[in-house]
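First up is the structure itself, then whatever we jot down about it.
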Amino acid sequence: MRHVERVVVLALDGVYPFELGIPSRILGAADGRYEVLTCTVDGRPVRTNADFSITVEHGPEVLATAGTVIVAPVSPSLVTAELPDEVAAALALIRPEARIVSICTGAFVLAAAGLLDGRTAATHWHLADTFRRMFPHLALDPDVLFVDDDRILTSAGAASGVDVCLHLVRKDHGSELANTVARRCVVPPFRDGGQAQYIEQPVPEAGAASTSATRAWALEHLDEPLTLADLAAHARMSLRTFARRFHDEVGLSPGRWLIQQRVARARHLLEASDLPVDQIAAHVGFATGASLRQHLHAAIGVSPQAYRRTFQAAH
């Protein structure tokens with residue numbers, strides 16, 4: 001019988017309705033692999049940060065049954081360094097082995113509960129200084145989309161909730177299902193956790209050429225030894241203009257972006273095929289299997305063989 005992971009989303013007073021709906025929308029599209037429930041600390045309706053309140057079907061007791069708990073974000077004006085008693089009581093119901101995920105200001109809740117002690121966390125870049133003032137003893141990476149630190153995951157603002165939920169699907173069931181979920185929800189299938197949150201110029205200025213067509217072309221030619229000159233020539237820009245515009249649009253250098261895409265493609269092939277590591281390296285544009293091993297270890301801390309074994313053991 002297929003295992004179904006119970007995911008409980010905790011809605012606190014002042015919750016953002018967009019982010020609150022992300023887990024149900026993303027995980028609910030994963031072919032029945034997750035059961036997503038929503039609760040409040042007392043089972044009563046809660047205000048949102050919009051002009052309406054929401055009613056949920058469950059109280060805090062369902063937190064004790066969850067394999068994964070997701071703390072939805074609240075308005076920044078409501079974050080505190082100490083938990084209200086009812087929130088602390090609700091979090092105390094979570095099983096020690098449960099996975100806990102926060103979206104945006106949900107990281108403040110986890111920090112106040114002591115769940116981030118000794119870990120690195122992420123939250124919305126705009127709130128980084130506030131987080132550091134409230135929790136000076138904690139390590140914060142203000143630039144990334146999300147941080148996966150064993151059983152505790154923290155993500156940045158708004159749409160990064162989509163990224164971390166897709167990451168859960170990919171981590172639990174592989175990239176094939178995660179890509180299927182992304183297509184169903186019409187969202188990008190893969191934005192690495194280390195991708196920059198804040199991009200200076202996500203939409204090109206009127207009349208300015210974009211690098212998007214070149215990025216699409218590069219994805220079709222990952223097996224080739226692409227250089228910055230190749231990319232700039234395809235975009236019909238000078239090297240300097242292309243590099244600057246690429247970084248403005250993507251938040252990464254062309255070289256780092258290419259490595260991320262190659263690692264992502266390699267992970268998919270490790271999961272979905274029995275190809276030898278050297279062949280996978282050639283398919284994704286790494287010169288040697290050793291180069292693939294180096295970049296995969298830098299990205300996720302494991303070797304290709306260990307990654308494949310983990311995936312095969314889980315599935």
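In the structure tokens, the first chain shown is A, the next is B, and so on; residue numbers restart at 1 for each chain, and ligands run from 1 in the order shown.
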Open item on the list: List the spatial neighbours of A:His173 as a PyMOL selection string - criterion: any atom at most 12 Å away, only C-alpha atoms, same-chain residues fewer than 6 positions off excluded.
Closed with: chain A and resi 2-5+27+30-34+166-167+179-181+268+271-272+310-315
Selected residues written out with N, CA and C atoms, as an mmCIF file, in the first residue's frame:
```cif
data_model
loop_
_atom_site.group_PDB
_atom_site.id
_atom_site.type_symbol
_atom_site.label_atom_id
_atom_site.label_comp_id
_atom_site.auth_asym_id
_atom_site.auth_seq_id
_atom_site.Cartn_x
_atom_site.Cartn_y
_atom_site.Cartn_z
ATOM 1 N N ARG A 2 0.556 2.234 -0.817
ATOM 2 C CA ARG A 2 1.333 3.454 -0.921
ATOM 3 C C ARG A 2 1.202 4.278 0.358
ATOM 4 N N HIS A 3 2.364 4.754 0.852
ATOM 5 C CA HIS A 3 2.355 5.607 2.038
ATOM 6 C C HIS A 3 1.847 6.997 1.676
ATOM 7 N N VAL A 4 0.950 7.516 2.488
ATOM 8 C CA VAL A 4 0.445 8.878 2.314
ATOM 9 C C VAL A 4 0.923 9.713 3.490
ATOM 10 N N GLU A 5 1.682 10.748 3.211
ATOM 11 C CA GLU A 5 2.220 11.618 4.247
ATOM 12 C C GLU A 5 1.164 12.623 4.677
ATOM 13 N N LEU A 27 1.285 20.263 -2.866
ATOM 14 C CA LEU A 27 1.329 18.876 -2.396
ATOM 15 C C LEU A 27 0.059 18.121 -2.785
ATOM 16 N N ALA A 30 0.213 16.038 -6.058
ATOM 17 C CA ALA A 30 1.269 15.012 -6.129
ATOM 18 C C ALA A 30 0.696 13.600 -6.135
ATOM 19 N N ASP A 31 -0.350 13.393 -6.911
ATOM 20 C CA ASP A 31 -0.900 12.045 -7.132
ATOM 21 C C ASP A 31 -1.247 11.315 -5.842
ATOM 22 N N GLY A 32 -1.825 12.025 -4.898
ATOM 23 C CA GLY A 32 -2.298 11.390 -3.679
ATOM 24 C C GLY A 32 -1.217 10.986 -2.695
ATOM 25 N N ARG A 33 -0.007 11.519 -2.855
ATOM 26 C CA ARG A 33 1.079 11.133 -1.938
ATOM 27 C C ARG A 33 0.989 11.877 -0.604
ATOM 28 N N TYR A 34 0.221 12.956 -0.557
ATOM 29 C CA TYR A 34 0.105 13.748 0.660
ATOM 30 C C TYR A 34 -1.362 13.993 1.000
ATOM 31 N N LEU A 166 7.769 22.135 -3.603
ATOM 32 C CA LEU A 166 8.261 21.299 -4.698
ATOM 33 C C LEU A 166 9.514 20.543 -4.264
ATOM 34 N N HIS A 167 10.338 21.189 -3.447
ATOM 35 C CA HIS A 167 11.528 20.522 -2.919
ATOM 36 C C HIS A 167 11.130 19.317 -2.065
ATOM 37 N N ASN A 179 8.387 17.485 -11.166
ATOM 38 C CA ASN A 179 8.192 18.175 -12.445
ATOM 39 C C ASN A 179 6.748 18.084 -12.905
ATOM 40 N N THR A 180 6.118 16.933 -12.675
ATOM 41 C CA THR A 180 4.709 16.774 -13.034
ATOM 42 C C THR A 180 3.841 17.738 -12.236
ATOM 43 N N VAL A 181 4.114 17.836 -10.936
ATOM 44 C CA VAL A 181 3.372 18.761 -10.080
ATOM 45 C C VAL A 181 3.557 20.197 -10.564
ATOM 46 N N HIS A 268 18.116 14.314 -11.852
ATOM 47 C CA HIS A 268 16.995 13.627 -12.493
ATOM 48 C C HIS A 268 17.454 12.314 -13.129
ATOM 49 N N GLU A 271 18.112 9.602 -10.642
ATOM 50 C CA GLU A 271 16.870 9.047 -10.115
ATOM 51 C C GLU A 271 16.151 8.170 -11.127
ATOM 52 N N ALA A 272 16.109 8.628 -12.368
ATOM 53 C CA ALA A 272 15.206 8.023 -13.353
ATOM 54 C C ALA A 272 15.886 7.069 -14.319
ATOM 55 N N THR A 310 20.077 6.411 -2.134
ATOM 56 C CA THR A 310 19.030 6.989 -1.284
ATOM 57 C C THR A 310 17.702 7.020 -2.020
ATOM 58 N N PHE A 311 17.756 7.449 -3.283
ATOM 59 C CA PHE A 311 16.519 7.522 -4.055
ATOM 60 C C PHE A 311 15.932 6.140 -4.281
ATOM 61 N N GLN A 312 16.765 5.181 -4.652
ATOM 62 C CA GLN A 312 16.260 3.835 -4.924
ATOM 63 C C GLN A 312 15.733 3.174 -3.660
ATOM 64 N N ALA A 313 16.374 3.458 -2.506
ATOM 65 C CA ALA A 313 15.899 2.878 -1.249
ATOM 66 C C ALA A 313 14.545 3.440 -0.867
ATOM 67 N N ALA A 314 14.349 4.753 -1.204
ATOM 68 C CA ALA A 314 13.087 5.387 -0.832
ATOM 69 C C ALA A 314 11.946 5.021 -1.754
ATOM 70 N N HIS A 315 12.292 4.521 -2.955
ATOM 71 C CA HIS A 315 11.237 4.280 -3.938
ATOM 72 C C HIS A 315 11.304 2.865 -4.450
#
```
(request) Extract the full set of helix (DSSP H, G or I) residues from stretch 60-217 of chain A according to DSSP on the backbone, and format it as a ChimeraX atom specification. (result) /A:60-65,76-78,85-91,106-112,125-134,160-173,175-185,212-217
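Nearest to A:Ala29 of all the residues A:Ala281, A:Val186, A:Phe146, A:Ala111 is A:Val186, counting only C-alpha atoms.
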Within 9 Å of stretch 8-18 of chain A, which residues of stretch 85-167 of chain A come that close, and what is the closest atom pair and distance in Å for each? Count only C-alpha atoms and give it as a Markdown table.
```
| residue | atom | partner | partner_atom | distance |
| --- | --- | --- | --- | --- |
| A:Val87 | CA | A:Leu12 | CA | 8.1 |
| A:Ala158 | CA | A:Phe18 | CA | 7.5 |
| A:Ala159 | CA | A:Phe18 | CA | 8.9 |
```
Restricting the output to C-alpha atoms, write the selected residues as a PDB file, in the first residue's frame.
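The resulting again.pdb:
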```pdb
ATOM      1  CA  VAL A  87       1.046  28.873  20.006  1.00  0.00           C
ATOM      2  CA  ALA A 158       5.681  34.463  -0.845  1.00  0.00           C
ATOM      3  CA  ALA A 159       6.410  32.277  -3.895  1.00  0.00           C
TER       4      ALA A 159
END
```
TODO: May I have the residues within 8 Å of stretch 285-293 of chain A as a VMD selection string, using only C-alpha atoms and disregarding those fewer than 6 positions away in the same chain?
DONE: chain A and resid 222 to 225 262 to 263 277 to 279 303 to 304
Please produce a file of the residues just selected, as a PDB file, in the first residue's frame, where the atoms kept are N, CA and C atoms.
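Result file is part.pdb:
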```pdb
ATOM      1  N   LEU A 222      22.869  21.583 -22.894  1.00  0.00           N
ATOM      2  CA  LEU A 222      23.665  21.411 -21.682  1.00  0.00           C
ATOM      3  C   LEU A 222      24.817  20.428 -21.874  1.00  0.00           C
ATOM      4  N   ASP A 223      24.671  19.496 -22.830  1.00  0.00           N
ATOM      5  CA  ASP A 223      25.729  18.505 -23.031  1.00  0.00           C
ATOM      6  C   ASP A 223      26.941  19.095 -23.751  1.00  0.00           C
ATOM      7  N   GLU A 224      26.839  20.347 -24.175  1.00  0.00           N
ATOM      8  CA  GLU A 224      27.945  20.990 -24.881  1.00  0.00           C
ATOM      9  C   GLU A 224      28.748  21.855 -23.911  1.00  0.00           C
ATOM     10  N   PRO A 225      30.030  22.085 -24.186  1.00  0.00           N
ATOM     11  CA  PRO A 225      30.882  22.903 -23.301  1.00  0.00           C
ATOM     12  C   PRO A 225      30.608  24.394 -23.495  1.00  0.00           C
ATOM     13  N   ARG A 262      22.931  21.971 -14.681  1.00  0.00           N
ATOM     14  CA  ARG A 262      23.575  20.680 -14.939  1.00  0.00           C
ATOM     15  C   ARG A 262      23.408  19.737 -13.753  1.00  0.00           C
ATOM     16  N   VAL A 263      23.543  20.264 -12.553  1.00  0.00           N
ATOM     17  CA  VAL A 263      23.341  19.429 -11.371  1.00  0.00           C
ATOM     18  C   VAL A 263      21.890  18.958 -11.293  1.00  0.00           C
ATOM     19  N   VAL A 277      27.705   6.934 -13.990  1.00  0.00           N
ATOM     20  CA  VAL A 277      27.952   8.320 -13.617  1.00  0.00           C
ATOM     21  C   VAL A 277      28.698   9.069 -14.726  1.00  0.00           C
ATOM     22  N   ASP A 278      29.680   8.421 -15.354  1.00  0.00           N
ATOM     23  CA  ASP A 278      30.431   9.100 -16.408  1.00  0.00           C
ATOM     24  C   ASP A 278      29.531   9.480 -17.587  1.00  0.00           C
ATOM     25  N   GLN A 279      28.572   8.598 -17.924  1.00  0.00           N
ATOM     26  CA  GLN A 279      27.655   8.908 -19.018  1.00  0.00           C
ATOM     27  C   GLN A 279      26.721  10.054 -18.636  1.00  0.00           C
ATOM     28  N   SER A 303      27.626  12.031  -2.777  1.00  0.00           N
ATOM     29  CA  SER A 303      28.164  11.562  -4.047  1.00  0.00           C
ATOM     30  C   SER A 303      27.016  11.099  -4.942  1.00  0.00           C
ATOM     31  N   PRO A 304      27.260  10.979  -6.264  1.00  0.00           N
ATOM     32  CA  PRO A 304      26.210  10.445  -7.148  1.00  0.00           C
ATOM     33  C   PRO A 304      25.738   9.061  -6.716  1.00  0.00           C
TER      34      PRO A 304
END
```
A:Arg99 proximity check over A:Arg6, A:His58, A:His126, A:Arg119, using only C-alpha atoms: winner is A:Arg6
Taken to one decimal, the atom CA of A:Asp129-atom CA of A:Pro23 distance is 27.2 Å
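Atom CA of A:Arg44 to atom CA of A:Pro84 spans 16.0 Å [interatomic distance, one decimal].
Residues with any atom within 12 Å of A:Gly118, counting only C-alpha atoms and excluding same-chain neighbours fewer than 4 positions away, are Ala111, Gly114, Phe135, His137, Leu138, Ala139, Leu140, Asp149, Asp150 and Ile152 of chain A.
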For the selection just defined, write its residues with N, CA and C atoms to a file, as a PDB file, in the first residue's frame.
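Once written, selection-v2.pdb looks like this:
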```
ATOM      1  N   ALA A 111      11.918  30.110  15.327  1.00  0.00           N
ATOM      2  CA  ALA A 111      13.026  30.655  16.118  1.00  0.00           C
ATOM      3  C   ALA A 111      12.597  30.883  17.559  1.00  0.00           C
ATOM      4  N   GLY A 114      12.608  27.875  19.660  1.00  0.00           N
ATOM      5  CA  GLY A 114      13.891  27.213  19.878  1.00  0.00           C
ATOM      6  C   GLY A 114      14.207  26.137  18.860  1.00  0.00           C
ATOM      7  N   PHE A 135      16.745  37.597  17.167  1.00  0.00           N
ATOM      8  CA  PHE A 135      17.408  36.321  17.442  1.00  0.00           C
ATOM      9  C   PHE A 135      18.894  36.410  17.066  1.00  0.00           C
ATOM     10  N   HIS A 137      21.457  35.195  18.205  1.00  0.00           N
ATOM     11  CA  HIS A 137      22.251  33.971  18.369  1.00  0.00           C
ATOM     12  C   HIS A 137      22.065  32.991  17.225  1.00  0.00           C
ATOM     13  N   LEU A 138      21.128  33.273  16.319  1.00  0.00           N
ATOM     14  CA  LEU A 138      20.827  32.333  15.242  1.00  0.00           C
ATOM     15  C   LEU A 138      21.534  32.723  13.952  1.00  0.00           C
ATOM     16  N   ALA A 139      21.870  31.716  13.137  1.00  0.00           N
ATOM     17  CA  ALA A 139      22.489  31.939  11.824  1.00  0.00           C
ATOM     18  C   ALA A 139      21.392  32.125  10.783  1.00  0.00           C
ATOM     19  N   LEU A 140      21.462  33.210  10.042  1.00  0.00           N
ATOM     20  CA  LEU A 140      20.462  33.518   9.014  1.00  0.00           C
ATOM     21  C   LEU A 140      21.153  33.714   7.681  1.00  0.00           C
ATOM     22  N   ASP A 149      17.678  22.002   6.399  1.00  0.00           N
ATOM     23  CA  ASP A 149      18.599  21.623   7.460  1.00  0.00           C
ATOM     24  C   ASP A 149      18.030  20.402   8.179  1.00  0.00           C
ATOM     25  N   ASP A 150      18.190  19.237   7.533  1.00  0.00           N
ATOM     26  CA  ASP A 150      17.693  17.979   8.070  1.00  0.00           C
ATOM     27  C   ASP A 150      16.174  18.008   8.158  1.00  0.00           C
ATOM     28  N   ILE A 152      14.292  20.287   9.604  1.00  0.00           N
ATOM     29  CA  ILE A 152      13.763  21.645   9.690  1.00  0.00           C
ATOM     30  C   ILE A 152      14.087  22.374   8.392  1.00  0.00           C
TER      31      ILE A 152
END
```
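By only C-alpha atoms, and with residues fewer than 2 positions from A:Thr65 along its chain excluded, the set lying at most 10 Å from it is Arg6, Val7, Val8, Pro60, Glu61, Val62, Leu63, Gly67, Thr68, Val69, Leu93, Ile94, Arg95 and Ala98 of chain A.
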task = From a DSSP calculation on the backbone, collect every residue of stretch 13-137 of chain A in strand (DSSP E) and output the set as a PyMOL selection string.
result = chain A and resi 34-39+46-47+53-54+68-71+99-103+120-121
How would the residues just picked look written out with C-alpha atoms as a compact mmCIF listing (two decimals), in the first residue's frame?
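And here's part_0.txt as it stands now:
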```
# COMPACT_ATOMS: atom_id res chain seq x y z
CA TYR A 34 0.10 13.75 0.66
CA GLU A 35 -2.95 14.47 2.80
CA VAL A 36 -2.98 18.17 3.62
CA LEU A 37 -4.96 19.44 6.62
CA THR A 38 -5.18 22.97 7.98
CA CYS A 39 -5.50 23.83 11.65
CA VAL A 46 -8.40 33.33 12.30
CA ARG A 47 -8.00 36.74 10.74
CA SER A 53 -11.10 35.72 8.04
CA ILE A 54 -10.88 31.99 7.42
CA THR A 68 5.19 17.19 8.24
CA VAL A 69 4.07 20.47 9.81
CA ILE A 70 4.13 23.70 7.78
CA VAL A 71 3.90 27.03 9.60
CA ARG A 99 9.51 17.40 9.67
CA ILE A 100 8.82 21.11 10.24
CA VAL A 101 8.71 23.72 7.47
CA SER A 102 8.23 27.47 7.67
CA ILE A 103 7.28 29.91 4.95
CA THR A 120 20.87 28.05 9.56
CA ALA A 121 17.57 29.65 8.63
```
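The residue set within 10 Å of stretch 75-79 of chain A, counting only C-alpha atoms and dropping same-chain residues fewer than 5 places from it, reads Leu12, Asp13, Gly14, Val15, Tyr16, Thr48, Asn49, Ala50, Cys104, Thr105, Gly106, Ala107, Phe108, Val109, Ala112, Leu127, Thr130, Phe131 and Met134 of chain A.
Separating atom CA of A:Leu83 from atom CA of A:Thr123 is a distance of 17.5 Å.
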request  = Extract, using only C-alpha atoms, all DNA, RNA and protein residues at most 12 Å from A:Phe242, discarding same-chain residues fewer than 2 positions from it, and format them as an NGL selection string.
outcome  = :A and (208-212 or 214-215 or 228-240 or 244-250 or 253-254)
Min atom-atom distance to A:Gly43 from the set A:Glu57, A:Glu19, A:Leu252, A:Ala182, counting only C-alpha atoms, belongs to A:Glu57
Shortest contact to A:Arg133, candidates A:Leu275, A:Ala81, A:Ala266, A:Leu20, atoms counted only C-alpha atoms, goes to A:Ala81
